[in-house]
Structures are given as structure tokens and as C-alpha cells.
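**Student:** Okay, here's the structure, questions in a sec.
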Amino acid sequence: MLSSMTFIDPAVEQYILDHTTRHDELLAELAAETARVTGASASMQISPDEGRFLTMITQLVRPEVAVEVGTFTGYSSLCIARGLSGGRLHCFDVSEEWTSIARRYWERAGVGDRITLTLGPATETLHDLKGPVDLAFIDADKGNYPAYYELIMARMEPGGLILVDNTLWSGHVADPAKDDETTVQIREFNDLVMNDPRVTTVMLPIRDGVTMIRKN
């Protein structure tokens, strides 16, 4: 079961889901398999409305080169790949086990030929990525968000777009009483982006918070 956006009223959250184009049977099957196979880790999977958002943004940006840092079982990468119109998606992750599920669903969806998967720490493997990057989605270990951000920014031309997941962290970032390591890491990343003169940014309350960052 996907975790709820606890900082949004449950009735409002359900209304949002009810008025967003639903995911298809293949994505529903992937979500169900992820819940069954990964247990509590299934909360790392994005929600159907965020998936629809990723597809639409990809369709609007029309990237030649898209990047995903943190692939998990492939829901978000499948949504991005479906939005491509001739470009390529480069996925970076550390888990052979979880990304093997992603590979199966990419092939079933007919988008496997649009995706390159690289295994290993993205702080190292992103150095080999050739730019320019037009669109990126970051959804991995929170402590390395600043490193992923800088590596991608260095490969972006003006107008490039980065989407970063979990930037509201169940609303904890706005609660001064929350001072656990991950909450502090995300707060620091949010402040870094907000004070970066190279970008224009907007934070959206989609599921657990998605920040859109456009390179000026």
C-alpha cells in the first residue's frame, strides 16, 4: 500500500485521485507486485497521480536526454519513458534485484529500447553521463540529493528541468520539532535549491512533495 500524503486532508487526497486519469492495468499490476515483493519498502514507489504528472511533464518538455536517479521497481521510469517522443531515458540505481522487476515491465510496455539502466552509486556513475540533460527526476537516498543535483545541473543547458521527489517529507520539513536526520537533510536541500541563483523553483504538494527546478 502506498503511503498517504499525511499533510493533505484524506478526503482532498482521494478527490485528487478521483479526478486524475487513472493508471492502466500494467502500472496497476506493477504497483501490486511491488507491494507484494518489497513489503514496507513499497512506500518508495510513487503514486498514480505523480506518475501521470511525470508522463505529462515529459510530453511537454520533449527531452532528448532524460535522467532518473532512483529507479526502484520501475513505476516512475515507465511513466517517464511513455512520455518520450524519440528521446532516451538513463536510469541510475544500485539494486539489481529491484530493477530486474523494472526491466520486465519496461519490456512488457514496449519501452525497453528507450531506457538505459546503469547500476552502481549514482554519485560515481553520473560522471560518465554525456549531456546535455533536458529532464531529470531525482528520487533516491536523501543525503545525496545535493550531489545528484549538482551532477545533473552541470550537464544541463538553460531551460533544463529537474523534478525532485519527497521534498515535503510528510510535512515534517515545516515542523520545527522534527529534527531527525532525513528531515534535516531534505530541509537543507530545499534551502540549497531556493538560494541557488542558477534556477527558478516551485514546490508542489503532489503526494510527498515534488519540487520543479528550471535552470535559468
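Labels for the C-alpha cells follow display order: chains A, B, ..., residues from 1 in each chain, ligands from 1.
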Would you mind listing, for every residue of stretch 91-155 of chain A within 9 Å of stretch 10-33 of chain A, the two atoms forming the shortest contact and the distance between them in Å to one decimal, using only C-alpha atoms, sorted by chain and ascending residue number, as a tab-separated table?

**Tutor:**
```
residue	atom	partner	partner_atom	distance
A:Ile101	CA	A:Leu30	CA	8.4
A:Ala102	CA	A:Leu30	CA	8.5
A:Tyr105	CA	A:Leu30	CA	7.3
A:Arg108	CA	A:Leu26	CA	8.3
A:Ala109	CA	A:Leu26	CA	7.6
```

**Student:** How close does each residue of stretch 60-95 of chain A get to stretch 161-174 of chain A, giving the shortest atom pair and distance in Å to one decimal for every residue with an atom at most 10 Å away, counting only C-alpha atoms, sorted by chain and residue number, as JSON lines?

**Tutor:**
```
{"residue": "A:Val61", "atom": "CA", "partner": "A:Leu161", "partner_atom": "CA", "distance": 8.2}
{"residue": "A:Pro63", "atom": "CA", "partner": "A:Leu161", "partner_atom": "CA", "distance": 9.6}
{"residue": "A:Ala66", "atom": "CA", "partner": "A:Leu161", "partner_atom": "CA", "distance": 9.6}
{"residue": "A:Val67", "atom": "CA", "partner": "A:Ile162", "partner_atom": "CA", "distance": 9.1}
{"residue": "A:Glu68", "atom": "CA", "partner": "A:Leu163", "partner_atom": "CA", "distance": 9.5}
{"residue": "A:Val69", "atom": "CA", "partner": "A:Val164", "partner_atom": "CA", "distance": 9.6}
```

**Student:** Determine which residues of stretch 62-213 of chain A receive a DSSP assignment of alpha helix (DSSP H), computed from the backbone, and state them as a ChimeraX atom specification.

**Tutor:** /A:75-83,96-109,122-125,145-153,181-194

**Student:** For A:Leu60, which of A:Ala147, A:Val210, A:Leu135, A:Leu78 is the closest residue, counting only C-alpha atoms?

**Tutor:**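 Smallest separation from A:Leu60 among the options: A:Leu135.
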
**Student:** Please report the interatomic distance between atom CA of A:Thr182 and atom CA of A:Gly143 in Å with one decimal.

**Tutor:**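 Atom CA of A:Gly143 lies 7.2 Å from atom CA of A:Thr182.
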